[in-house]
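What follows is coords38.txt (compact mmCIF, C-alpha atoms).
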```txt
# COMPACT_ATOMS: atom_id res chain seq x y z
CA MET A 67 0.00 0.00 0.00
CA LYS A 68 2.85 2.36 0.81
CA PHE A 69 4.45 1.78 -2.61
CA THR A 70 1.14 2.38 -4.34
CA THR A 71 0.74 5.70 -2.51
CA PHE A 72 4.20 6.73 -3.73
CA GLN A 73 3.17 5.97 -7.30
CA ILE A 74 -0.04 7.96 -6.91
CA ALA A 75 1.92 10.90 -5.50
CA PHE A 76 4.30 10.83 -8.44
CA GLY A 77 1.35 10.82 -10.82
CA VAL A 78 0.23 14.08 -9.25
CA THR A 79 3.66 15.59 -9.86
CA LEU A 80 3.51 14.61 -13.56
CA THR A 81 0.40 16.61 -14.15
CA ALA A 82 -0.03 19.32 -11.40
CA ALA A 83 1.63 22.60 -10.31
CA LYS A 84 1.12 26.35 -9.91
CA ALA A 85 3.02 29.44 -10.99
CA GLN A 86 4.38 32.59 -9.43
CA CYS A 87 4.39 35.86 -11.38
CA GLN A 88 8.20 35.97 -11.45
CA HIS A 89 8.26 32.73 -13.45
CA GLN A 90 7.20 33.89 -16.89
CA TRP A 91 6.24 31.29 -19.48
CA LYS A 92 8.62 30.65 -22.37
CA ALA A 93 8.02 28.08 -25.09
CA PRO A 94 10.61 25.30 -25.38
CA GLY A 95 13.21 25.64 -28.10
CA PRO A 96 14.40 22.94 -30.50
CA SER A 97 17.23 21.86 -28.20
CA ASP A 98 15.15 21.77 -25.00
CA PHE A 99 14.07 18.40 -23.61
CA ARG A 100 10.42 17.75 -22.88
CA GLY A 101 8.59 14.58 -21.88
CA PRO A 102 5.14 13.00 -21.64
CA CYS A 103 4.28 14.75 -18.37
CA PRO A 104 2.32 17.99 -18.90
CA MET A 105 3.21 19.47 -15.54
CA LEU A 106 6.90 18.71 -15.54
CA ASN A 107 6.96 20.32 -18.99
CA THR A 108 5.04 23.28 -17.58
CA LEU A 109 7.46 23.61 -14.68
CA ALA A 110 10.30 23.83 -17.20
CA ASN A 111 8.39 26.24 -19.44
CA HIS A 112 7.97 28.58 -16.47
CA GLY A 113 11.55 28.17 -15.27
CA PHE A 114 10.81 26.35 -12.00
CA LEU A 115 12.86 23.53 -13.48
CA PRO A 116 15.75 24.23 -15.87
CA HIS A 117 14.22 25.40 -19.14
CA ASP A 118 16.35 22.96 -21.13
CA GLY A 119 14.87 20.01 -19.21
CA ARG A 120 18.30 18.67 -18.27
CA ASN A 121 20.13 17.85 -15.03
CA LEU A 122 17.10 17.67 -12.76
CA THR A 123 18.70 16.91 -9.40
CA LYS A 124 16.97 16.24 -6.10
CA GLU A 125 17.62 19.77 -4.86
CA THR A 126 16.35 21.30 -8.09
CA THR A 127 13.23 19.13 -8.12
CA VAL A 128 12.35 19.65 -4.46
CA ASN A 129 12.80 23.41 -4.74
CA ALA A 130 10.66 23.57 -7.88
CA LEU A 131 7.84 21.58 -6.31
CA ALA A 132 7.96 23.65 -3.13
CA SER A 133 7.78 26.98 -4.92
CA ALA A 134 5.38 25.95 -7.68
CA LEU A 135 3.11 23.36 -6.07
CA ASN A 136 3.60 24.11 -2.40
CA PHE A 137 4.53 20.48 -1.85
CA ASN A 138 6.20 19.87 1.48
CA GLU A 139 9.83 18.77 1.41
CA SER A 140 9.27 15.08 2.07
CA LEU A 141 6.74 14.87 -0.74
CA GLY A 142 9.11 16.66 -3.10
CA GLU A 143 11.86 14.19 -2.24
CA LEU A 144 9.48 11.34 -2.93
CA MET A 145 8.66 12.80 -6.33
CA PHE A 146 12.32 12.93 -7.25
CA GLU A 147 12.96 9.36 -6.15
CA MET A 148 10.11 8.15 -8.36
CA ALA A 149 11.38 10.12 -11.37
CA VAL A 150 15.10 9.38 -11.14
CA VAL A 151 14.51 5.71 -11.95
CA ALA A 152 14.00 6.84 -15.56
CA ASN A 153 17.74 7.55 -15.76
CA PRO A 154 19.34 4.25 -16.87
CA GLN A 155 22.68 5.10 -15.26
CA PRO A 156 23.40 3.13 -12.06
CA ASN A 157 22.98 5.22 -8.89
CA ALA A 158 21.85 8.22 -10.93
CA THR A 159 21.55 11.53 -9.11
CA PHE A 160 19.59 13.37 -11.81
CA PHE A 161 17.18 12.78 -14.68
CA THR A 162 16.20 14.61 -17.84
CA LEU A 163 12.68 15.17 -19.12
CA ASP A 164 13.24 13.16 -22.28
CA GLN A 165 14.26 10.11 -20.23
CA LEU A 166 10.65 9.93 -19.07
CA ASN A 167 9.63 9.04 -22.64
CA VAL A 168 10.73 5.40 -22.27
CA HIS A 169 7.61 3.28 -22.48
CA ASN A 170 6.38 1.47 -19.36
CA VAL A 171 8.93 2.98 -17.01
CA LEU A 172 6.82 5.99 -16.03
CA GLU A 173 5.14 6.78 -19.37
CA HIS A 174 2.23 4.44 -20.04
CA ASP A 175 -0.67 3.54 -22.31
CA ALA A 176 -4.07 5.25 -22.07
CA SER A 177 -2.71 8.71 -21.31
CA LEU A 178 -5.22 11.52 -20.95
CA SER A 179 -3.43 13.62 -23.58
CA ARG A 180 -0.78 11.51 -25.35
CA SER A 181 -0.92 8.72 -27.89
CA ASP A 182 0.15 5.19 -26.92
CA ALA A 183 3.75 4.36 -27.79
CA PHE A 184 2.54 1.66 -30.17
CA PHE A 185 1.10 4.34 -32.46
CA GLY A 186 4.22 6.53 -32.51
CA ASN A 187 4.90 9.71 -30.54
CA ASN A 188 4.05 9.09 -26.89
CA HIS A 189 5.20 12.40 -25.40
CA VAL A 190 3.78 15.31 -27.43
CA PHE A 191 0.29 16.65 -26.72
CA ASN A 192 -2.25 14.98 -29.01
CA GLU A 193 -5.46 16.93 -29.52
CA THR A 194 -7.40 13.91 -30.78
CA ILE A 195 -6.54 11.92 -27.66
CA PHE A 196 -7.34 14.83 -25.39
CA ASN A 197 -10.70 15.28 -27.06
CA GLU A 198 -11.50 11.66 -26.20
CA THR A 199 -10.79 12.44 -22.56
CA ARG A 200 -12.69 15.69 -22.24
CA ALA A 201 -15.76 14.36 -24.03
CA TYR A 202 -16.69 13.06 -20.57
CA TRP A 203 -16.13 16.42 -18.87
CA THR A 204 -19.78 17.39 -19.15
CA GLY A 205 -19.95 20.48 -16.94
CA PRO A 206 -18.03 23.68 -16.20
CA ILE A 207 -16.90 22.26 -12.84
CA LEU A 208 -15.31 18.83 -13.08
CA ASP A 209 -16.00 16.36 -10.29
CA ALA A 210 -14.41 12.99 -9.59
CA ASP A 211 -16.92 11.12 -11.74
CA MET A 212 -16.26 13.24 -14.83
CA LEU A 213 -12.49 12.97 -14.45
CA ALA A 214 -12.69 9.24 -13.78
CA ASN A 215 -14.99 8.67 -16.76
CA GLY A 216 -12.43 10.26 -19.06
CA LYS A 217 -9.70 8.05 -17.63
CA VAL A 218 -11.71 4.85 -18.01
CA ALA A 219 -12.74 5.77 -21.55
CA ARG A 220 -9.11 6.23 -22.55
CA GLN A 221 -8.27 2.81 -21.10
CA LEU A 222 -11.10 1.18 -23.03
CA ASN A 223 -10.06 2.84 -26.29
CA SER A 224 -6.45 1.86 -25.79
CA LYS A 225 -7.33 -1.72 -24.93
CA ALA A 226 -9.60 -2.00 -27.98
CA PHE A 227 -7.14 -0.71 -30.58
CA ASN A 228 -3.60 -1.13 -29.19
CA PRO A 229 -2.47 -4.77 -29.56
CA ASN A 230 0.33 -4.11 -27.07
CA TYR A 231 -1.92 -2.46 -24.48
CA THR A 232 -0.38 -2.74 -21.01
CA PHE A 233 -1.95 -1.46 -17.81
CA THR A 234 -0.61 -3.01 -14.62
CA SER A 235 -1.58 -2.23 -11.03
CA THR A 236 1.54 -0.05 -10.86
CA ILE A 237 0.39 1.92 -13.90
CA GLU A 238 -3.08 2.24 -12.39
CA ALA A 239 -1.57 3.93 -9.35
CA PHE A 240 0.30 6.42 -11.56
CA SER A 241 -2.86 6.99 -13.59
CA ILE A 242 -4.97 7.78 -10.52
CA GLY A 243 -2.37 10.29 -9.41
CA GLU A 244 -2.39 11.95 -12.81
CA VAL A 245 -6.17 12.26 -12.81
CA ILE A 246 -6.30 13.93 -9.39
CA ALA A 247 -3.49 16.29 -10.34
CA PRO A 248 -5.76 19.06 -11.70
CA ILE A 249 -7.64 19.06 -8.40
CA VAL A 250 -4.38 19.34 -6.48
CA ALA A 251 -3.09 22.15 -8.66
CA PHE A 252 -6.17 24.19 -9.52
CA GLY A 253 -9.17 22.83 -7.65
CA ASP A 254 -11.11 22.56 -4.42
CA LEU A 255 -9.35 19.99 -2.25
CA ASP A 256 -12.33 19.47 0.06
CA ALA A 257 -14.94 19.05 -2.67
CA ALA A 258 -12.56 17.26 -5.05
CA THR A 259 -13.63 19.47 -7.96
CA VAL A 260 -11.86 21.74 -10.44
CA ASN A 261 -12.77 24.36 -13.03
CA ARG A 262 -12.81 22.82 -16.51
CA THR A 263 -11.46 25.96 -18.21
CA LEU A 264 -8.32 25.92 -16.08
CA VAL A 265 -7.66 22.26 -16.77
CA GLU A 266 -8.14 22.56 -20.52
CA TYR A 267 -5.88 25.61 -20.72
CA PHE A 268 -3.19 23.80 -18.77
CA PHE A 269 -3.22 20.66 -20.92
CA GLU A 270 -3.40 22.49 -24.24
CA ASN A 271 -0.68 25.05 -23.50
CA GLU A 272 1.51 23.48 -20.80
CA ARG A 273 1.18 26.83 -19.10
CA PHE A 274 -0.32 27.98 -15.81
CA PRO A 275 -3.81 29.52 -16.16
CA ALA A 276 -3.07 32.76 -14.33
CA GLU A 277 -4.90 34.81 -16.96
CA PHE A 278 -8.13 33.10 -15.87
CA GLY A 279 -7.73 34.28 -12.30
CA TRP A 280 -6.00 31.24 -10.92
CA SER A 281 -3.37 31.83 -8.26
CA THR A 282 -1.15 29.77 -6.01
CA ARG A 283 -2.92 28.01 -3.17
CA THR A 284 -1.61 28.73 0.33
CA GLU A 285 -2.33 25.29 1.77
CA MET A 286 0.70 23.03 1.79
CA ILE A 287 0.23 19.78 -0.14
CA THR A 288 1.07 16.65 1.83
CA LEU A 289 0.93 12.94 1.13
CA ASP A 290 -2.19 12.71 3.33
CA ILE A 291 -4.05 15.06 0.98
CA ILE A 292 -2.99 13.07 -2.06
CA THR A 293 -3.95 9.79 -0.42
CA ARG A 294 -7.44 11.04 0.41
CA LEU A 295 -8.04 12.36 -3.11
CA SER A 296 -6.69 9.18 -4.67
CA GLY A 297 -9.20 7.17 -2.68
CA ILE A 298 -12.03 9.34 -3.97
CA MET A 299 -10.81 8.95 -7.55
CA SER A 300 -10.26 5.21 -7.26
CA ASN A 301 -13.85 4.78 -6.13
CA ALA A 302 -15.11 6.97 -8.97
CA ALA A 303 -13.10 5.00 -11.54
CA SER A 304 -14.37 1.62 -10.37
CA LEU A 305 -16.98 -0.05 -12.55
CA ILE A 306 -18.15 -2.15 -9.62
CA THR A 307 -21.16 -0.73 -7.81
CA THR A 308 -22.12 -1.44 -4.21
CA ALA A 309 -25.37 0.49 -3.88
CA ALA A 310 -28.73 -1.24 -4.29
CA PRO A 311 -29.90 -1.17 -7.91
CA VAL A 312 -32.63 1.25 -8.93
CA VAL A 313 -35.83 -0.71 -9.47
CA SER A 314 -38.04 0.44 -12.31
CA THR A 315 -41.66 1.14 -11.39
CA ARG A 316 -42.73 0.52 -14.98
CA ARG A 317 -43.95 -2.82 -16.39
CA ARG A 318 -42.12 -4.27 -19.34
CA ASP A 319 -44.14 -5.27 -22.40
CA LEU A 320 -42.54 -8.60 -23.29
CA HIS A 321 -44.21 -8.64 -26.71
CA SER A 322 -42.94 -5.29 -27.92
CA GLY A 323 -39.77 -5.13 -25.88
CA ALA A 324 -40.82 -1.66 -24.75
CA PHE A 325 -41.75 -0.27 -21.37
CA SER A 326 -45.31 0.68 -20.59
CA GLY A 327 -46.81 2.65 -17.73
```

How does the structure come out when it is put into structure tokens?
Amino acid sequence: MKFTTFQIAFGVTLTAAKAQCQHQWKAPGPSDFRGPCPMLNTLANHGFLPHDGRNLTKETTVNALASALNFNESLGELMFEMAVVANPQPNATFFTLDQLNVHNVLEHDASLSRSDAFFGNNHVFNETIFNETRAYWTGPILDADMLANGKVARQLNSKAFNPNYTFTSTIEAFSIGEVIAPIVAFGDLDAATVNRTLVEYFFENERFPAEFGWSTRTEMITLDIITRLSGIMSNAASLITTAAPVVSTRRRDLHSGAFSG
């Protein structure tokens, strides 16, 4: 359970953060590294992480997460430890954003905004894929059910059309963390909701939505907060129901196959 919580927490880091006014957005250049993680890319675009996406050490990562996400230090250290495994060098002390592109290390099938590796580019924003996800975001305020529905739909699509589809329990933990990330970064932690406009802007631009009135939250993010939200999202993503079924009060016409009053 502890390891799963770590994975969930890392998933949040891949897709959630917030910006300060002194960190102006700058698009990546042709020699800058970027990966499959919208928020790590955003952190680099705003200069919380090195803009070139290289040499991301523990100190650099922890400081970026503290100033951008208001993660506490222990959570920031955990994020780094989960990411540094992408560096193939033994006993690595840093990672680069492009190292996260290796399939089934941290990057995985059924992303909310990236194509599966089987189909080609697995790390650049894909509008078609993202449209599949947000088709289930049916209101201006996204709740756990809407976010979870988009996640499950992406898994179903990937499983149906990707002959190499892989989605282990480890990947599920990362995926849950990624889905709760918009709530952690931009939303209401108590209600587990988030403004759709902010989330769409973030995914499409890899930029913080300050122009829409969003600002840094003052509450420090801890592993306890992430664990609680991940439980909410796991329940929402489950296709197993526990409540008593709704019983129809109408009689079924067995001859016509229709319902009659």

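A distance cut-off of 12 Å around (17.5, 7.4, -13.9), counting only C-alpha atoms, selects these protein and nucleic acid residues: Asn121, Leu122, Thr123, Lys124, Phe146, Glu147, Met148, Ala149, Val150, Val151, Ala152, Asn153, Pro154, Gln155, Pro156, Asn157, Ala158, Thr159, Phe160, Phe161, Thr162, Leu163, Asp164, Gln165, Leu166, Asn167, Val168, Val171 and Leu172 of chain A.
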
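The list of residues with at least one atom within 12 Å of Ser133 (chain A), based on all atoms listed in the file and without residues fewer than 4 positions apart in the same chain, reads Ala83, Lys84, Ala85, Gln86, Cys87, Gln88, His89, Leu109, His112, Gly113, Phe114, Leu115, Thr126, Thr127, Val128, Asn129, Phe137, Asn138, Glu139, Gly142, Thr282, Arg283, Thr284, Met286 and Ile287 of chain A.
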
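If only C-alpha atoms are the atoms counted, then among A:Thr288, A:Pro275, A:Asn228, A:Asp118 the closest residue to Pro248 (chain A) is A:Pro275.
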
**Request:** Choose the residue, out of A:Ile237, A:Ile246, A:Met105, A:Leu208, that has the smallest atom-to-atom separation from Thr259 (chain A); count only C-alpha atoms.
**Result:** A:Leu208

**Item:** Nearest to Phe99 (chain A), chosen from A:Leu135, A:Ala201, A:Val190, A:Met145, with all atoms listed in the file counted in the distances
**Value:**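 Residue with the minimum atom-to-atom distance to Phe99 (chain A): A:Val190.
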
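Of note, CA of Leu289 (chain A) and CA of Pro116 (chain A) are spaced 25.2 Å apart.
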
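Using all atoms listed in the file, the nearest neighbour of Thr194 (chain A) within the list A:Asn301, A:Gly243, A:Thr293, A:Glu270 is A:Glu270.
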
**Glu272 (chain A) environment, 9 Å, all atoms listed in the file, sequence neighbours closer than 2 positions dropped, as a count of residues only** = 12

**Å distance separating CA of Phe240 (chain A) from CA of His117 (chain A), one decimal place** =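 Answer for the CA of Phe240 (chain A) to CA of His117 (chain A) separation: 24.7 Å.
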
**Prompt:** With all atoms listed in the file as the atoms that count, which of A:Val265, A:Leu144, A:Glu125, A:Ala258 lies nearest to Phe196 (chain A)?
**Reply:**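 The closest residue to Phe196 (chain A) is A:Val265.
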
**Coordinates-based distance that separates CA of Ile291 (chain A) from CA of Glu143 (chain A) (Å, one decimal)** =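 Taking CA of Glu143 (chain A) as the start and CA of Ile291 (chain A) as the end point, the length is 16.3 Å.
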
**Prompt:** With all atoms listed in the file as the atoms that count, which of A:Phe278, A:Phe227, A:Phe252, A:Phe184 lies nearest to Ala134 (chain A)?
**Reply:**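 Using all atoms listed in the file, Ala134 (chain A) sits closest to A:Phe252.
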
Tell me which protein, DNA and RNA residues are within 12 Å of Asp256 (chain A), counting all atoms listed in the file, leaving out same-chain ones fewer than 5 positions away, and put them as a JSON list (two decimals) with C-alpha atoms, in the coordinates of the input.
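The result, written out as selection-v9.json:
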```
[["chain", "number", "residue", "atom", "x", "y", "z"],
["A", 209, "ASP", "CA", -16.00, 16.36, -10.29],
["A", 210, "ALA", "CA", -14.41, 12.99, -9.59],
["A", 249, "ILE", "CA", -7.64, 19.06, -8.40],
["A", 250, "VAL", "CA", -4.38, 19.34, -6.48],
["A", 285, "GLU", "CA", -2.33, 25.29, 1.77],
["A", 291, "ILE", "CA", -4.05, 15.06, 0.98],
["A", 292, "ILE", "CA", -2.99, 13.07, -2.06],
["A", 294, "ARG", "CA", -7.44, 11.04, 0.41],
["A", 295, "LEU", "CA", -8.04, 12.36, -3.11],
["A", 298, "ILE", "CA", -12.03, 9.34, -3.97]]
```
